[in-house]
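J.: Could you have a look at this structure, given as structure tokens, before my questions?
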Amino acid sequence: MASIGEILLNTLSPDQQIRETATTQLETAASGDFKQYVVMLCQELHNEQSQARIPAGLALKNALTARESVRRGELSTRWINIDEPTRNQIKALVLTTLGTPDIRAGVVTAQVVAAIAAIELPLGQWEDVIRIMLQNLQTTDNTNLKQCTLQAIGFVCETIHRDILTTQANNILTAVVQGARKEEPSEAVRLAAISALYNSLEFVEENFKREGERNYIMQVVCEATQSSDVQVQIASFECLVRIMQLYYDFMPFYMQKALFGLTVQGMRHDNERVALQAVEFWSTVCEEEIDLESMKEEAIHSGTEPEQHSYNFARAALPETLPVLLQLMAKQDEDDDEDDWNLSMAAGTCLSLTAQCVGDNIVAPVIQFVEANIRHSEWQYREASVMAFGSILEGPSPELLVTPVSHALTFLIGMMTDPVIKVKDTAAWTLGRVSQSMIDCIKPDVHLGPLIEALVRGLDDSNRIISNCCLSLMNLAEQLEGEQGPDSPTSLMSPYFDGIITALMRITDRNTNEAFARTSAYEAISIMVTHSAKDNFPTISALSTTILDRLEQTIAVQNQMVGIDERNTHSELQSNICSVLTNIIRRVGKDIAVMADRIMTVLLQLLSAASKHSTILEDAFLAIGALTTALEGDFARYLESFAPFLFNALANHEEYQLCSIAVGLIGDICRGLGGQSATYCDGFMTTLLQNLQSPVLHRNVKPAILSCFGDIALAIEGQFANYLDVAMSVLQQACGIKAAPTDYDMIDYVNQLREGIVDAYVGIVQGLKAAGQSPLLGPHLGHMFEFLATVYSDPERSDNLLRSMIGLIGDLADSFPGGDIKSGLLAEWVTQCLKEGRSSRQQSVTTKEVARWAKEMVKRATM
């Protein structure tokens, strides 16, 4: 039998079979005697004579933590179940190992320390680990120990929730800032300290509020940007980016004194990674100021004062930052991979954010740059000028952009024939931006024909150009839809529709999907169909036949797929085809009936061939949902064959998105079939109630389930009386769920849940009224009004929720006109609610109309 050292080294073997065998041996050892396994790994990691220290450390870390939360919980439990003396022995040994002469082993050990701390600190255990590591820093001249200890502290800060470390923030901050000072002789220690500081920034908020401490932190970080070590410079600029994100309000003094000059200088740095972080700093400034402007507009709209104010750093710095950004955009390399984030891309992104931030001020200097370089002999400057032009189309006022865009359009279309692929690609992207946000500049009699011709020609170019041409065509389809929307007999795109679809279908014929060209083509076809006019229906009819042929072909060859990559590619192709089919069904509506049998046959075959966890299930269900809506009552003939798949999806709690789509499909079926759906409602209601009780099912599905009760009630009307008491009991329980004021995720969820509850009540009230059975609601009216009053008094309620509530109040008043609920309707909160719906500036036209109707219903019921 091989030794543990040999097995560990084999996990790094280039031979896959040896590697897999070694991994299996380690897993067997871990499941057999976990305590002995981790002790053995720890000893191997500590043994300075061992050649297997690195894989031992990695195996130990992987035995303690995992990315997936459920697995992470299992590993934590397994560790805690080891007796305390053994755990203490391991912890002491790994802390000692931090000072090893082998720096690589020390770094892995730092990860192990953090993995153990992540388990124990939240449980109130190993509370002295930070104190011990800080003591290491204060009492040693061992550079390796200082470096690895700082890395361990950084990993702990990165891994553990801020609240657990807040009490030790002062000591941690003192230690890491001490290590980051320019007086520190070791740049490796300084780098570890700066990285640890980055990870601790979030929980040192109280320290940052104190001017003296803040000044010292900022001084140390700013000095580190001037280090002789490039890695320290990169880490310090990363720190400045994070500080700007977290502590924008404290930045005016430092921007004026240091950050402005340091970051502009950093953008010009010879090392691309340093320059990237300096550019990222200004992107972050813009993002913060865009958010602050949005918050200001919301505050003005609601008649309040914004909590924070923008200092307009981006506007003040524009004369210095803009010329640098424009020059950096011309630093492309012909061999740059389009998926690699480089300085040119970063500068282009920063320019786009700057335009959104400063608005009109950016237009004149960028147009000047474009005019000077768009005919440049070096392709980099041509490409940069086109990119710059496209990057400023969002932010400045459209009126200011109309003239330059109109003048540039013909030239931009011509650049689709540039000899350099990257220039053509950026030209296609910029034309997409124009067609999205400046559509009025595209004159149908001047630009549209040449533009579409250039884009269609681009579909025969390289894969990277195809995606941008597809995007431009999608934008044109959306923006140039006929004036009457789906009812338009024709549109500006109609004359080009056949040619565009033919060109896109050529792309979808490909066996490969390089640069997602095939996927982009299918997406473009879907959008073209969705926004088509009625005179394009003959082409869509022919397209539907071709699409069904292709879907049948994919099913026929499905079992021939081998290997994960091939299966994934095949599944993606099926999803693309299904999406087009779904959009065709939605577009032609009831006219799809002539093909319905064939469509349903193919979709049922697709469902039969798919595995339980296949993503194609979701796409097939969406297509069936569209067919249900189109056929309405005629879908009944397919329900018996489809029902088993539907119930399987409802029971598939692990795939909650599929389950959610299945819940929505029940609503589609009930709306389409009306009373015919009653035969299946026992099964629907039983399954939905079971899902509400499931501890496994994702909570986001549950609001949709409650809303579905309303769809069922509305469809089967009086027959819902069979389910009324149990449904109202479940809804009453859901009414009691509340969110803490600071738990924003829970606030959003509660709003969704309440919207689902109100939707259910609306459907039930309307369904029973239609059957003349409103009196059955009598025992439940009290808690319904109590719930509505609670929701109205909640300042976090959404506008959608208010509109739904007002509609429900109107439905209740309409259902009980004889005064049975007069006392409830005369409550002060009802009057205020209806008044807010009618008169608040924040409310939409739809809400105001609903509120006026509800007021009339209440007036009748209370006379």
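Ordering of the structure tokens sets the chain letters (A, B, ...); residue numbers start at 1 within each chain; ligands are numbered from 1 in the order shown.
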Could you give me, as CSV, a per-residue list for stretch 22-100 of chain A showing, wherever an atom lies at most 9 Å from an atom of stretch 136-148 of chain A, the closest pair of atoms and their distance in Å to one decimal, using only C-alpha atoms and sorting by chain then residue number from low to high?
T.:
```
residue,atom,partner,partner_atom,distance
A:Thr96,CA,A:Leu145,CA,8.9
A:Thr97,CA,A:Leu145,CA,8.6
A:Leu98,CA,A:Leu145,CA,5.5
A:Gly99,CA,A:Leu145,CA,3.9
A:Thr100,CA,A:Asn144,CA,6.9
```
J.: Pull the alpha helix (DSSP H) assignments for stretch 436-537 of chain A out of DSSP run on the backbone, and list those residues as a VMD selection string.
T.: chain A and resid 436 to 437 449 to 458 463 to 479 494 to 508 517 to 530 537
J.: Skipping near chain neighbours, those fewer than 6 positions away, what residues fall within 9 Å of stretch 743-750 of chain A using only C-alpha atoms, listed as an MDAnalysis selection string?
T.: chainID A and resid 699:700 703 737 796:798
J.: Would you work out the distance separating atom CA of A:Leu191 from atom CA of A:Ala114, expressed in Å to one decimal?
T.: 18.2 Å
